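Peer 1: This is the content of start_2.cif (mmCIF, C-alpha atoms and all ligand atoms):
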```
data_data
loop_
_atom_site.label_atom_id
_atom_site.label_comp_id
_atom_site.auth_asym_id
_atom_site.auth_seq_id
_atom_site.Cartn_x
_atom_site.Cartn_y
_atom_site.Cartn_z
CA MET A 1 137.55 76.52 126.11
CA TYR A 2 136.46 79.69 127.91
CA LYS A 3 136.33 81.45 124.55
CA LEU A 4 134.11 78.69 123.21
CA PHE A 5 131.83 79.07 126.23
CA LEU A 6 131.56 82.81 125.61
CA LEU A 7 130.86 82.23 121.94
CA THR A 8 128.11 79.73 122.74
CA LEU A 9 126.68 82.07 125.34
CA SER A 10 126.53 85.04 123.00
CA ALA A 11 125.00 82.88 120.26
CA SER A 12 122.23 81.70 122.56
CA LEU A 13 121.68 85.20 123.91
CA SER A 14 121.32 86.52 120.38
CA LEU A 15 118.56 83.96 119.86
CA TRP A 16 116.64 85.75 122.59
CA ALA A 17 117.54 89.27 121.62
CA VAL A 18 114.74 90.74 119.61
CA GLU A 19 114.58 94.50 119.52
CA ILE A 20 111.04 95.82 119.80
CA LYS A 21 110.21 99.52 119.59
CA GLN A 22 107.22 100.74 121.54
CA THR A 23 104.95 102.71 119.17
CA PRO A 24 101.59 102.77 120.94
CA ILE A 25 98.36 103.40 119.06
CA GLU A 26 95.38 104.94 120.89
CA PHE A 27 94.06 102.14 123.09
CA PHE A 28 92.15 103.87 125.85
CA ASP A 29 88.89 103.12 127.69
CA LYS A 30 86.81 103.75 124.58
CA ARG A 31 88.66 101.14 122.52
CA VAL A 32 88.48 98.67 125.42
CA GLU A 33 84.70 99.18 125.64
CA LEU A 34 84.29 98.86 121.85
CA THR A 35 86.35 95.65 121.99
CA LYS A 36 84.00 94.23 124.65
CA GLU A 37 81.05 95.13 122.42
CA TYR A 38 82.75 93.41 119.46
CA ILE A 39 83.31 90.27 121.57
CA LYS A 40 79.63 90.32 122.62
CA GLU A 41 78.28 90.91 119.14
CA HIS A 42 80.59 88.65 117.14
CA TYR A 43 81.51 85.92 119.62
CA ASN A 44 78.43 86.03 121.88
CA LEU A 45 80.64 86.26 124.96
CA GLU A 46 80.14 88.53 127.96
CA VAL A 47 83.63 89.47 129.15
CA LYS A 48 84.90 91.57 132.05
CA ASP A 49 88.17 92.39 130.32
CA ILE A 50 89.58 91.98 126.81
CA ASN A 51 92.52 89.78 127.76
CA ILE A 52 93.30 86.93 125.40
CA VAL A 53 95.05 83.57 125.68
CA PRO A 54 96.89 83.45 122.34
CA LYS A 55 96.76 80.18 120.40
CA ILE A 56 97.46 81.48 116.90
CA ILE A 57 99.87 83.96 115.34
CA VAL A 58 98.36 85.61 112.25
CA ILE A 59 100.76 87.16 109.73
CA HIS A 60 99.51 90.08 107.61
CA HIS A 61 100.63 92.71 105.18
CA THR A 62 99.17 96.22 105.38
CA ALA A 63 98.58 96.61 101.60
CA ILE A 64 100.34 99.98 101.92
CA ASP A 65 104.07 100.26 101.17
CA ASP A 66 104.74 103.24 103.48
CA PHE A 67 105.18 102.79 107.24
CA ASP A 68 103.57 106.05 108.41
CA ASP A 69 100.59 105.57 106.10
CA SER A 70 100.22 101.98 107.33
CA LEU A 71 100.43 102.99 110.98
CA SER A 72 97.93 105.82 110.50
CA ARG A 73 95.23 103.23 109.66
CA PHE A 74 95.46 101.74 113.16
CA ILE A 75 95.93 104.76 115.43
CA ALA A 76 92.35 105.98 115.95
CA GLN A 77 90.05 104.08 118.27
CA THR A 78 87.14 103.99 115.83
CA LEU A 79 87.09 102.62 112.28
CA PRO A 80 87.91 105.12 109.49
CA THR A 81 84.92 105.95 107.30
CA ASP A 82 86.56 104.48 104.17
CA ARG A 83 86.29 100.83 105.24
CA PRO A 84 82.88 99.82 103.83
CA ASP A 85 84.21 96.25 103.49
CA ILE A 86 84.17 95.67 107.25
CA LYS A 87 81.87 98.46 108.46
CA SER A 88 79.14 95.92 109.16
CA GLY A 89 81.51 94.41 111.74
CA GLY A 90 81.21 97.44 114.02
CA VAL A 91 82.96 100.74 114.78
CA LEU A 92 85.94 99.29 116.67
CA ASN A 93 89.01 100.19 114.61
CA VAL A 94 91.29 97.50 113.27
CA SER A 95 94.66 97.00 114.97
CA ALA A 96 97.48 94.52 115.39
CA HIS A 97 99.92 93.82 118.18
CA PHE A 98 102.98 94.39 115.96
CA MET A 99 103.97 96.18 112.79
CA VAL A 100 107.20 95.34 110.95
CA GLU A 101 108.75 98.02 108.76
CA ARG A 102 110.30 97.20 105.40
CA ASP A 103 113.79 97.47 106.94
CA GLY A 104 112.83 94.90 109.58
CA THR A 105 112.24 97.32 112.48
CA ILE A 106 109.64 95.79 114.81
CA HIS A 107 107.07 98.03 116.51
CA GLN A 108 104.74 96.92 119.29
CA LEU A 109 101.50 98.89 118.89
CA MET A 110 99.39 97.77 121.85
CA PRO A 111 99.45 95.60 125.00
CA LEU A 112 99.98 91.94 124.08
CA GLU A 113 97.29 90.79 126.51
CA PHE A 114 94.58 92.84 124.75
CA MET A 115 92.50 91.57 121.84
CA ALA A 116 93.20 93.29 118.52
CA ARG A 117 90.72 93.40 115.63
CA HIS A 118 92.71 91.93 112.73
CA VAL A 119 91.12 88.66 111.64
CA ILE A 120 87.46 87.61 111.47
CA GLY A 121 86.59 84.71 113.78
CA LEU A 122 89.94 84.41 115.50
CA ASN A 123 90.67 87.73 117.21
CA TYR A 124 90.02 86.38 120.69
CA ASN A 125 92.66 83.65 120.24
CA SER A 126 95.37 85.34 118.29
CA ILE A 127 98.27 87.76 118.05
CA GLY A 128 98.51 89.82 114.86
CA ILE A 129 101.72 90.81 113.09
CA GLU A 130 101.38 93.36 110.29
CA ASN A 131 104.11 93.82 107.70
CA VAL A 132 104.35 97.10 105.80
CA GLY A 133 103.94 96.30 102.10
CA GLY A 134 101.83 94.36 99.64
CA GLN A 135 100.37 97.46 97.98
CA ASN A 136 98.19 96.48 94.98
CA SER A 137 98.62 92.85 96.10
CA LYS A 138 102.33 92.88 95.20
CA ASP A 139 104.35 90.05 96.76
CA ASN A 140 107.03 92.47 97.96
CA LEU A 141 107.74 91.82 101.64
CA THR A 142 111.50 92.05 102.17
CA LYS A 143 114.25 89.72 103.41
CA GLU A 144 114.62 92.03 106.42
CA GLN A 145 110.95 91.60 107.23
CA LEU A 146 111.26 87.83 106.91
CA LYS A 147 114.16 87.82 109.39
CA ALA A 148 112.25 90.07 111.80
CA ASN A 149 109.14 87.86 111.58
CA ILE A 150 111.23 84.75 112.32
CA GLU A 151 112.74 86.42 115.40
CA LEU A 152 109.43 87.81 116.57
CA VAL A 153 107.53 84.52 116.16
CA ASN A 154 110.25 82.64 118.03
CA TYR A 155 110.13 85.25 120.80
CA LEU A 156 106.34 84.97 121.05
CA LYS A 157 106.46 81.15 121.12
CA LYS A 158 108.73 81.30 124.15
CA LYS A 159 106.70 84.03 125.84
CA PHE A 160 103.32 82.34 125.27
CA PRO A 161 103.51 78.52 125.47
CA SER A 162 99.76 78.52 124.63
CA ILE A 163 100.57 79.39 120.98
CA GLU A 164 100.04 76.37 118.72
CA TYR A 165 99.50 77.74 115.21
CA MET A 166 100.99 80.23 112.79
CA ILE A 167 98.94 81.19 109.73
CA GLY A 168 98.84 83.71 106.94
CA HIS A 169 95.71 85.88 107.01
CA TYR A 170 94.62 84.29 103.70
CA GLU A 171 94.25 80.97 105.58
CA TYR A 172 91.94 82.20 108.35
CA ARG A 173 88.77 80.55 107.04
CA CYS A 174 90.30 77.12 107.44
CA PHE A 175 89.54 77.42 111.16
CA GLU A 176 85.78 77.62 110.49
CA GLY A 177 84.13 74.72 112.29
CA SER A 178 87.02 74.30 114.72
CA SER A 179 86.74 75.10 118.43
CA LEU A 180 88.94 78.16 117.93
CA TRP A 181 86.48 79.80 115.49
CA LEU A 182 84.12 82.18 117.33
CA GLU A 183 82.33 84.37 114.73
CA VAL A 184 78.56 83.89 115.01
CA ASP A 185 77.60 85.84 111.85
CA ASP A 186 77.86 83.45 108.89
CA GLY A 187 77.58 86.36 106.47
CA TYR A 188 80.56 88.29 107.84
CA ARG A 189 83.63 87.24 105.81
CA THR A 190 86.27 88.97 103.69
CA LYS A 191 88.59 87.55 101.05
CA LYS A 192 92.24 87.98 101.95
CA ASP A 193 95.50 87.38 100.08
CA ASP A 194 97.99 88.63 102.66
CA PRO A 195 100.87 88.22 103.27
CA SER A 196 101.47 85.86 100.20
CA THR A 197 102.01 82.12 100.02
CA ARG A 198 105.70 82.73 99.20
CA PHE A 199 106.27 84.71 102.41
CA MET A 200 104.48 82.08 104.54
CA ARG A 201 106.47 79.26 102.93
CA GLU A 202 109.75 81.02 103.69
CA LEU A 203 108.63 81.82 107.24
CA ARG A 204 107.53 78.23 107.88
CA ASP A 205 110.87 76.94 106.58
CA SER A 206 112.54 78.85 109.43
CA VAL A 207 110.11 78.41 112.32
CA GLU A 208 109.67 75.04 113.98
CA ASP A 209 107.07 73.54 116.28
CA LEU A 210 104.06 75.52 115.12
CA LYS A 211 101.15 73.82 113.44
CA THR A 212 99.83 74.94 110.08
CA VAL A 213 96.22 75.72 109.42
CA PRO A 214 93.96 72.66 109.94
CA CYS A 215 92.62 72.35 106.39
CA LYS A 216 94.10 72.00 102.94
CA LYS A 217 91.59 73.81 100.82
CA ILE A 218 90.30 77.32 101.28
CA ASP A 219 86.74 77.88 100.02
CA ASP A 220 85.86 81.26 98.65
ZN ZN B 301 95.52 90.86 106.97
#
```
Spell out the structure here as C-alpha cells.
Ligand SMILES: [Zn+2]
Peer 2:
Amino acid sequence: MYKLFLLTLSASLSLWAVEIKQTPIEFFDKRVELTKEYIKEHYNLEVKDINIVPKIIVIHHTAIDDFDDSLSRFIAQTLPTDRPDIKSGGVLNVSAHFMVERDGTIHQLMPLEFMARHVIGLNYNSIGIENVGGQNSKDNLTKEQLKANIELVNYLKKKFPSIEYMIGHYEYRCFEGSSLWLEVDDGYRTKKDDPSTRFMRELRDSVEDLKTVPCKKIDD
C-alpha cells in the first residue's frame, strides 16, 4: 500500500516536473521602452509597464534547424536589418518566452510577465513558444519537441489560470474581430505556416481544456 502511495506520488510529481533552462536574451531598459512604443503604436494603449495577462499560448517554429542560429535571431534588442517583412512594424526585435531545441530541451528566454513580439495582433495577450526547426517550411519538428511542448503547455496552464487558448501561429488571424485582437493597422499582416497543422493536431490530442482558435477558415 505504501509502495502504491509512493508510486502515485512520484507519478503526480513527474506531471509537475518540467525542466526549464534559463537562457536570457537581451531584455534591458531599451527593449522595455521599445515594447511600450510598440504597444502605443500598434495597440493604441498607453502603458506604464509591459506586463501581460496571458490568455493565449502561440506555438511557433523558428524556420531555422539549428538552435544557436535560431537563438541568435532573438538576442539583440533591435530588429536585425534583414527583416523587411516586418520592418514596418517597428524596430523592437522579435522574441518569444520559450525556445524548444530539437532534442526537447526547453529554454526560457525572457521574463514571463513581459510582452514578447512574436505574433501580430495578439502579443499583449499571449505567451510564445518557439520550436527550433521548420527550415524551408519542412514539417520536421521532433517527437522530443512534441513531448516538451505538452509538458510546457500543461505547466503554463497551471501557472496562469487566465490562459484559455492554444493556437499555431498560422491560425493567428482567426482572432481578428475578437476582443483579444489589438492591432490597429489593417495593413500590417504576414502569412504564416508555422508550426504545421500536423504538429498542432498532435499537440491538441495531448493537451486538454484549452480552446482552439475561434474560427474555422483562415483568409489570406
Ligand atoms: Zn511564428
Peer 1: What is the distance between atom CA of A:Asp193 and atom CA of A:Asn125, in Å to one decimal?
Peer 2: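 Rounded to one decimal, the two atoms are 20.7 Å apart.
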Peer 1: Identify, counting only C-alpha atoms and all ligand atoms, the protein, DNA and RNA residues located within 9 Å of ligand ZN 301 (chain B), and give them as a list in words.
Peer 2: Val58, Ile59, His60, His61, Thr62, Ala63, His118, Val119, Gly128, Ile129, Glu130, Gly168, His169, Tyr170, Lys192, Asp193, Asp194 and Pro195 of chain A
Peer 1: Given the selection you just returned, output its residues as a file containing C-alpha atoms, formatted as a JSON list (two decimals), in the frame of the given file.
Peer 2:
```json
[["chain", "number", "residue", "atom", "x", "y", "z"],
["A", 58, "VAL", "CA", 98.36, 85.61, 112.25],
["A", 59, "ILE", "CA", 100.76, 87.16, 109.73],
["A", 60, "HIS", "CA", 99.51, 90.08, 107.61],
["A", 61, "HIS", "CA", 100.63, 92.71, 105.18],
["A", 62, "THR", "CA", 99.17, 96.22, 105.38],
["A", 63, "ALA", "CA", 98.58, 96.61, 101.60],
["A", 118, "HIS", "CA", 92.71, 91.93, 112.73],
["A", 119, "VAL", "CA", 91.12, 88.66, 111.64],
["A", 128, "GLY", "CA", 98.51, 89.82, 114.86],
["A", 129, "ILE", "CA", 101.72, 90.81, 113.09],
["A", 130, "GLU", "CA", 101.38, 93.36, 110.29],
["A", 168, "GLY", "CA", 98.84, 83.71, 106.94],
["A", 169, "HIS", "CA", 95.71, 85.88, 107.01],
["A", 170, "TYR", "CA", 94.62, 84.29, 103.70],
["A", 192, "LYS", "CA", 92.24, 87.98, 101.95],
["A", 193, "ASP", "CA", 95.50, 87.38, 100.08],
["A", 194, "ASP", "CA", 97.99, 88.63, 102.66],
["A", 195, "PRO", "CA", 100.87, 88.22, 103.27]]
```
Peer 1: Which value, in Å to one decimal, gives the distance between atom CA of A:Asp139 and atom CA of A:Thr197?
Peer 2: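 Distance reported for this atom pair: 8.9 Å.
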Peer 1: For a test of reading the model, state the distance in Å between atom CA of A:Asp85 and atom CA of A:Tyr38, rounded to one decimal.
Peer 2: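 One can read the atom CA of A:Asp85 to atom CA of A:Tyr38 distance as 16.3 Å.
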Peer 1: My list of candidates is A:Glu19, A:Asp66, A:Glu151, A:Glu33. Which is closest to A:Glu208 when distances are computed with all atoms listed in the file?
Peer 2: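 The answer is A:Glu151, which sits nearest to A:Glu208.
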Peer 1: Which residues come within 6 Å of A:Gly104, counting only C-alpha atoms, excluding same-chain residues fewer than 6 positions away, as an mmCIF file with C-alpha atoms, in the coordinates of the input?
Peer 2:
```
data_model
loop_
_atom_site.group_PDB
_atom_site.id
_atom_site.type_symbol
_atom_site.label_atom_id
_atom_site.label_comp_id
_atom_site.auth_asym_id
_atom_site.auth_seq_id
_atom_site.Cartn_x
_atom_site.Cartn_y
_atom_site.Cartn_z
ATOM 1 C CA GLU A 144 114.620 92.030 106.420
ATOM 2 C CA GLN A 145 110.950 91.600 107.230
ATOM 3 C CA ALA A 148 112.250 90.070 111.800
#
```
Peer 1: Which polymer residues, protein or nucleic acid, are no farther than 8 Å from (96.7, 89.9, 119.9), counting all atoms listed in the file, as a list of chain:residue names?
Peer 2: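 Output of the proximity query reads A:Ile52, A:Pro54, A:Ala96, A:His97, A:Leu112, A:Glu113, A:Phe114, A:Met115, A:Ala116, A:Asn123, A:Tyr124, A:Asn125, A:Ser126, A:Ile127, A:Gly128.
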Peer 1: Kindly indicate which residue among A:Asp82, A:Asp49, A:Asp209, A:Asp69 lies nearest to A:Ile163, using all atoms listed in the file for the distances.
Peer 2: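 Closest candidate: A:Asp209.
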Peer 1: Give the padded box for stretch 193-207 of chain A as AutoDock Vina command-line options: axis-aligned, covering all atoms listed in the file, 3 Å on each side, centre and edge lengths in Å to one decimal.
Peer 2:
```
--center_x 104.0 --center_y 82.8 --center_z 105.8 --size_x 23.0 --size_y 17.7 --size_z 19.1
```
Peer 1: Can you pull out the residues contacting stretch 158-161 of chain A? Cut-off 9 Å, using all atoms listed in the file, and skip same-chain residues under 5 positions away; I want them as a compact mmCIF listing (two decimals) with C-alpha atoms, in the frame of the given file.
Peer 2:
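Here's the written file selection-v5.txt:
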```
# COMPACT_ATOMS: atom_id res chain seq x y z
CA VAL A 53 95.05 83.57 125.68
CA PRO A 54 96.89 83.45 122.34
CA LYS A 55 96.76 80.18 120.40
CA VAL A 153 107.53 84.52 116.16
```
Peer 1: Name the closest residue to A:Phe175 among the candidates A:Leu122, A:Leu203, A:Ile39, A:Leu146; distances are taken between atoms, counting all atoms listed in the file.
Peer 2: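 Nearest candidate to A:Phe175 out of A:Leu122, A:Leu203, A:Ile39, A:Leu146: A:Leu122.
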Peer 1: Ranking A:Leu45, A:Val213, A:Ile75, A:Met166 by minimum distance to A:Leu182 and counting all atoms listed in the file, which one comes first?
Peer 2: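 Smallest distance to A:Leu182 is found for A:Leu45.
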Peer 1: Complete the atom set of stretch 91-119 of chain A to N, CA and C atoms and return it as a PDB file, keeping the file's coordinate frame.
Peer 2:
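Saved result, result_15.pdb, follows:
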```pdb
ATOM      1  N   VAL A  91      82.152  99.524 114.878  1.00  0.00           N
ATOM      2  CA  VAL A  91      82.960 100.740 114.780  1.00  0.00           C
ATOM      3  C   VAL A  91      84.343 100.599 115.426  1.00  0.00           C
ATOM      4  N   LEU A  92      84.603  99.502 116.121  1.00  0.00           N
ATOM      5  CA  LEU A  92      85.940  99.290 116.670  1.00  0.00           C
ATOM      6  C   LEU A  92      86.975  99.312 115.548  1.00  0.00           C
ATOM      7  N   ASN A  93      88.011 100.146 115.683  1.00  0.00           N
ATOM      8  CA  ASN A  93      89.010 100.190 114.610  1.00  0.00           C
ATOM      9  C   ASN A  93      89.859  98.918 114.591  1.00  0.00           C
ATOM     10  N   VAL A  94      90.379  98.623 113.412  1.00  0.00           N
ATOM     11  CA  VAL A  94      91.290  97.500 113.270  1.00  0.00           C
ATOM     12  C   VAL A  94      92.622  97.838 113.964  1.00  0.00           C
ATOM     13  N   SER A  95      93.348  96.802 114.336  1.00  0.00           N
ATOM     14  CA  SER A  95      94.660  97.000 114.970  1.00  0.00           C
ATOM     15  C   SER A  95      95.450  95.703 114.817  1.00  0.00           C
ATOM     16  N   ALA A  96      96.665  95.733 115.337  1.00  0.00           N
ATOM     17  CA  ALA A  96      97.480  94.520 115.390  1.00  0.00           C
ATOM     18  C   ALA A  96      98.479  94.748 116.517  1.00  0.00           C
ATOM     19  N   HIS A  97      98.993  93.665 117.055  1.00  0.00           N
ATOM     20  CA  HIS A  97      99.920  93.820 118.180  1.00  0.00           C
ATOM     21  C   HIS A  97     101.279  94.359 117.719  1.00  0.00           C
ATOM     22  N   PHE A  98     101.668  93.980 116.474  1.00  0.00           N
ATOM     23  CA  PHE A  98     102.980  94.390 115.960  1.00  0.00           C
ATOM     24  C   PHE A  98     102.861  94.900 114.531  1.00  0.00           C
ATOM     25  N   MET A  99     103.806  95.781 114.182  1.00  0.00           N
ATOM     26  CA  MET A  99     103.970  96.180 112.790  1.00  0.00           C
ATOM     27  C   MET A  99     105.464  96.144 112.459  1.00  0.00           C
ATOM     28  N   VAL A 100     105.802  95.482 111.357  1.00  0.00           N
ATOM     29  CA  VAL A 100     107.200  95.340 110.950  1.00  0.00           C
ATOM     30  C   VAL A 100     107.448  96.202 109.727  1.00  0.00           C
ATOM     31  N   GLU A 101     108.396  97.138 109.879  1.00  0.00           N
ATOM     32  CA  GLU A 101     108.750  98.020 108.760  1.00  0.00           C
ATOM     33  C   GLU A 101     109.485  97.257 107.676  1.00  0.00           C
ATOM     34  N   ARG A 102     109.657  97.888 106.514  1.00  0.00           N
ATOM     35  CA  ARG A 102     110.300  97.200 105.400  1.00  0.00           C
ATOM     36  C   ARG A 102     111.793  96.942 105.662  1.00  0.00           C
ATOM     37  N   ASP A 103     112.384  97.731 106.588  1.00  0.00           N
ATOM     38  CA  ASP A 103     113.790  97.470 106.940  1.00  0.00           C
ATOM     39  C   ASP A 103     113.914  96.478 108.103  1.00  0.00           C
ATOM     40  N   GLY A 104     112.797  95.905 108.527  1.00  0.00           N
ATOM     41  CA  GLY A 104     112.830  94.900 109.580  1.00  0.00           C
ATOM     42  C   GLY A 104     112.621  95.442 110.997  1.00  0.00           C
ATOM     43  N   THR A 105     112.491  96.753 111.151  1.00  0.00           N
ATOM     44  CA  THR A 105     112.240  97.320 112.480  1.00  0.00           C
ATOM     45  C   THR A 105     110.868  96.837 112.989  1.00  0.00           C
ATOM     46  N   ILE A 106     110.881  96.330 114.233  1.00  0.00           N
ATOM     47  CA  ILE A 106     109.640  95.790 114.810  1.00  0.00           C
ATOM     48  C   ILE A 106     109.045  96.809 115.784  1.00  0.00           C
ATOM     49  N   HIS A 107     107.776  97.120 115.601  1.00  0.00           N
ATOM     50  CA  HIS A 107     107.070  98.030 116.510  1.00  0.00           C
ATOM     51  C   HIS A 107     105.970  97.250 117.226  1.00  0.00           C
ATOM     52  N   GLN A 108     105.910  97.415 118.545  1.00  0.00           N
ATOM     53  CA  GLN A 108     104.740  96.920 119.290  1.00  0.00           C
ATOM     54  C   GLN A 108     103.745  98.062 119.397  1.00  0.00           C
ATOM     55  N   LEU A 109     102.482  97.811 118.983  1.00  0.00           N
ATOM     56  CA  LEU A 109     101.500  98.890 118.890  1.00  0.00           C
ATOM     57  C   LEU A 109     100.540  98.940 120.075  1.00  0.00           C
ATOM     58  N   MET A 110     100.419  97.844 120.797  1.00  0.00           N
ATOM     59  CA  MET A 110      99.390  97.770 121.850  1.00  0.00           C
ATOM     60  C   MET A 110      99.769  96.667 122.842  1.00  0.00           C
ATOM     61  N   PRO A 111      99.117  96.651 124.027  1.00  0.00           N
ATOM     62  CA  PRO A 111      99.450  95.600 125.000  1.00  0.00           C
ATOM     63  C   PRO A 111      99.197  94.203 124.413  1.00  0.00           C
ATOM     64  N   LEU A 112     100.103  93.285 124.669  1.00  0.00           N
ATOM     65  CA  LEU A 112      99.980  91.940 124.080  1.00  0.00           C
ATOM     66  C   LEU A 112      98.804  91.168 124.668  1.00  0.00           C
ATOM     67  N   GLU A 113      98.396  91.542 125.899  1.00  0.00           N
ATOM     68  CA  GLU A 113      97.290  90.790 126.510  1.00  0.00           C
ATOM     69  C   GLU A 113      95.929  91.210 125.958  1.00  0.00           C
ATOM     70  N   PHE A 114      95.866  92.369 125.274  1.00  0.00           N
ATOM     71  CA  PHE A 114      94.580  92.840 124.750  1.00  0.00           C
ATOM     72  C   PHE A 114      94.238  92.176 123.406  1.00  0.00           C
ATOM     73  N   MET A 115      92.938  92.046 123.149  1.00  0.00           N
ATOM     74  CA  MET A 115      92.500  91.570 121.840  1.00  0.00           C
ATOM     75  C   MET A 115      92.610  92.695 120.811  1.00  0.00           C
ATOM     76  N   ALA A 116      93.168  92.363 119.656  1.00  0.00           N
ATOM     77  CA  ALA A 116      93.200  93.290 118.520  1.00  0.00           C
ATOM     78  C   ALA A 116      92.160  92.823 117.499  1.00  0.00           C
ATOM     79  N   ARG A 117      91.633  93.769 116.708  1.00  0.00           N
ATOM     80  CA  ARG A 117      90.720  93.400 115.630  1.00  0.00           C
ATOM     81  C   ARG A 117      91.532  93.312 114.341  1.00  0.00           C
ATOM     82  N   HIS A 118      91.877  92.091 113.928  1.00  0.00           N
ATOM     83  CA  HIS A 118      92.710  91.930 112.730  1.00  0.00           C
ATOM     84  C   HIS A 118      92.327  90.736 111.885  1.00  0.00           C
ATOM     85  N   VAL A 119      91.453  89.855 112.411  1.00  0.00           N
ATOM     86  CA  VAL A 119      91.120  88.660 111.640  1.00  0.00           C
ATOM     87  C   VAL A 119      89.728  88.169 112.077  1.00  0.00           C
TER      88      VAL A 119
END
```
